[in-house]
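Asks: One structure is given below, represented as structure tokens, and several questions about it will come after.
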Amino acid sequence: MTQHIATSRPDSTVSRALGWMGAATAAFLAACATPPAPQPPAPVVVAPPPAPAPAAQEPQPSLVSQAASPLEYRKDGARHIYERNANRIYKGQLPPLMHAVGVLQVEVDRMGNVSQLNWMRAPSHVPEVMREIERTVRAAAPFPAPVRMGRVTYTDVWLWDKSGNFQLDTLTEGQRRK
């Protein structure tokens, strides 16, 4: 007779129980273990604020007027035009009859730039003289900066000879009678 030898196989219920027990034991051991030391927080690096850009220095005027009024500035403006046009200034007293007489207002900004021209009395019978006076004033810029006033509008009288030379009333040498 043949004997049948039964091989022992664990029952699936037992197998499951052992699996759970192993997992529970591992969890228990893990819970009893010393927790890892807390890591110090990473240092927070705060970048310093960017350095302010160096203040852009405004250009300083090369010529300065200390005039406190448009009337005072008129002399500075006339001298400036004379310096820039020395070869065009009529020398001596002007003849009794002028080719043109014009009254021009000149507005000068805080840096000495001509910002506006305004004819108060235009020598409109000679438009080429008007254009030349305007060109002469603009070409003379920059004028002395009116530092005490910030900007200035001054008026001067242009006395124009037929030769193309001129004087300004502010600095005129006068006019001959005959």
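By order of appearance in the structure tokens: chains A, B, ..., then residues from 1 within every chain, and ligands from 1 in the order shown.
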Please extract the residues of range 73-140 of chain A with a backbone DSSP assignment of strand (DSSP E) and present them as a PyMOL selection string.
Replies: chain A and resi 100-108+114-121
Asks: Wanna dump the range 115-134 of chain A-range 145-157 of chain A contacts at 10 Å for me, each residue with its shortest atom pair and the distance in Å to one decimal, counting only C-alpha atoms, ordered by chain and number, as CSV?
Replies:
residue,atom,partner,partner_atom,distance
A:Ser115,CA,A:Thr153,CA,9.5
A:Gln116,CA,A:Thr153,CA,8.7
A:Leu117,CA,A:Thr153,CA,9.2
A:Asn118,CA,A:Thr155,CA,9.2
A:Trp119,CA,A:Thr155,CA,9.3
A:Met120,CA,A:Thr155,CA,8.5
A:Arg121,CA,A:Val157,CA,8.9
Asks: Counting only C-alpha atoms, which residue out of A:Ser124, A:Arg177, A:Val137, A:Asp169 sits closest to Glu83 in chain A?
Replies: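 That would be A:Val137, the residue with the smallest distance to Glu83 in chain A.
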Asks: As a list in words, please: the residues near range 88-98 of chain A (cut-off 6 Å, only C-alpha atoms, same-chain neighbours under 4 positions excluded).
Replies: Asp161, Asn165, Phe166, Gln167, Glu173, Gly174, Gln175, Arg176, Arg177 and Lys178 of chain A
Asks: Expressed in Å to a single decimal, how great is the separation between CA of Gly164 in chain A and CA of Glu128 in chain A?
Replies: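 Pair CA of Gly164 in chain A / CA of Glu128 in chain A returns 10.6 Å.
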Asks: Which residues of range 95-143 of chain A come within 12 Å of range 69-76 of chain A, and what is each one's closest atom pair and distance in Å (one decimal), counting only C-alpha atoms, sorted by chain and residue number, as a tab-separated table?
Replies:
residue	atom	partner	partner_atom	distance
A:Leu104	CA	A:Arg74	CA	11.4
A:Gln105	CA	A:Arg74	CA	10.2
A:Val106	CA	A:Arg74	CA	9.5
A:Glu107	CA	A:Pro70	CA	10.0
A:Val108	CA	A:Tyr73	CA	10.1
A:Gly112	CA	A:Asp76	CA	11.4
A:Phe143	CA	A:Asp76	CA	8.5
Asks: Can you work out which one of A:Pro142, A:Met111, A:Ile81, A:His99 has the shortest atom-to-atom distance to Lys162 in chain A, counting only C-alpha atoms?
Replies: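 Selected residue with least distance to Lys162 in chain A: A:His99.
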Asks: Please run DSSP on the backbone and report, as a PyMOL selection string, all residues within range 94-158 of chain A that come out as helix (DSSP H, G or I).
Replies: chain A and resi 127-139
Asks: Grab the residues selected above and save them as a tab-separated table (two decimals), in the first residue's frame with N, CA, C and O atoms.
Replies:
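Here's the written file again-v6.tsv:
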chain	number	residue	atom	x	y	z
A	127	PRO	N	13.09	141.80	-44.11
A	127	PRO	CA	12.99	140.48	-43.50
A	127	PRO	C	14.33	139.75	-43.40
A	127	PRO	O	14.53	138.95	-42.49
A	128	GLU	N	15.25	140.05	-44.31
A	128	GLU	CA	16.57	139.41	-44.23
A	128	GLU	C	17.32	139.86	-42.98
A	128	GLU	O	18.07	139.08	-42.38
A	129	VAL	N	17.10	141.10	-42.52
A	129	VAL	CA	17.72	141.58	-41.29
A	129	VAL	C	17.08	140.87	-40.09
A	129	VAL	O	17.79	140.46	-39.16
A	130	MET	N	15.78	140.70	-40.12
A	130	MET	CA	15.09	139.97	-39.04
A	130	MET	C	15.68	138.56	-38.91
A	130	MET	O	16.00	138.12	-37.80
A	131	ARG	N	15.81	137.87	-40.03
A	131	ARG	CA	16.36	136.50	-40.01
A	131	ARG	C	17.79	136.50	-39.48
A	131	ARG	O	18.19	135.62	-38.72
A	132	GLU	N	18.58	137.51	-39.89
A	132	GLU	CA	19.98	137.57	-39.46
A	132	GLU	C	20.09	137.86	-37.96
A	132	GLU	O	20.94	137.30	-37.27
A	133	ILE	N	19.23	138.71	-37.45
A	133	ILE	CA	19.24	138.99	-36.00
A	133	ILE	C	18.87	137.71	-35.24
A	133	ILE	O	19.54	137.35	-34.27
A	134	GLU	N	17.84	137.03	-35.67
A	134	GLU	CA	17.43	135.78	-35.02
A	134	GLU	C	18.55	134.75	-35.08
A	134	GLU	O	18.86	134.09	-34.08
A	135	ARG	N	19.19	134.61	-36.23
A	135	ARG	CA	20.30	133.67	-36.38
A	135	ARG	C	21.46	134.05	-35.45
A	135	ARG	O	22.05	133.20	-34.79
A	136	THR	N	21.75	135.34	-35.37
A	136	THR	CA	22.84	135.83	-34.52
A	136	THR	C	22.58	135.50	-33.05
A	136	THR	O	23.47	135.05	-32.33
A	137	VAL	N	21.35	135.72	-32.61
A	137	VAL	CA	21.01	135.43	-31.20
A	137	VAL	C	21.12	133.94	-30.93
A	137	VAL	O	21.74	133.52	-29.94
A	138	ARG	N	20.56	133.12	-31.79
A	138	ARG	CA	20.61	131.66	-31.58
A	138	ARG	C	22.05	131.14	-31.64
A	138	ARG	O	22.42	130.25	-30.87
A	139	ALA	N	22.86	131.70	-32.53
A	139	ALA	CA	24.25	131.25	-32.66
A	139	ALA	C	25.08	131.63	-31.44
A	139	ALA	O	26.10	131.01	-31.16
Asks: Please report the interatomic distance between CA of Glu58 in chain A and CA of Val114 in chain A in Å with one decimal.
Replies: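 CA of Val114 in chain A lies at a distance of 18.1 Å from CA of Glu58 in chain A.
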Asks: Please measure the separation of CA of Trp160 in chain A and CA of Val101 in chain A, giving the value in Å to one decimal.
Replies: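 The value is 6.1 Å.
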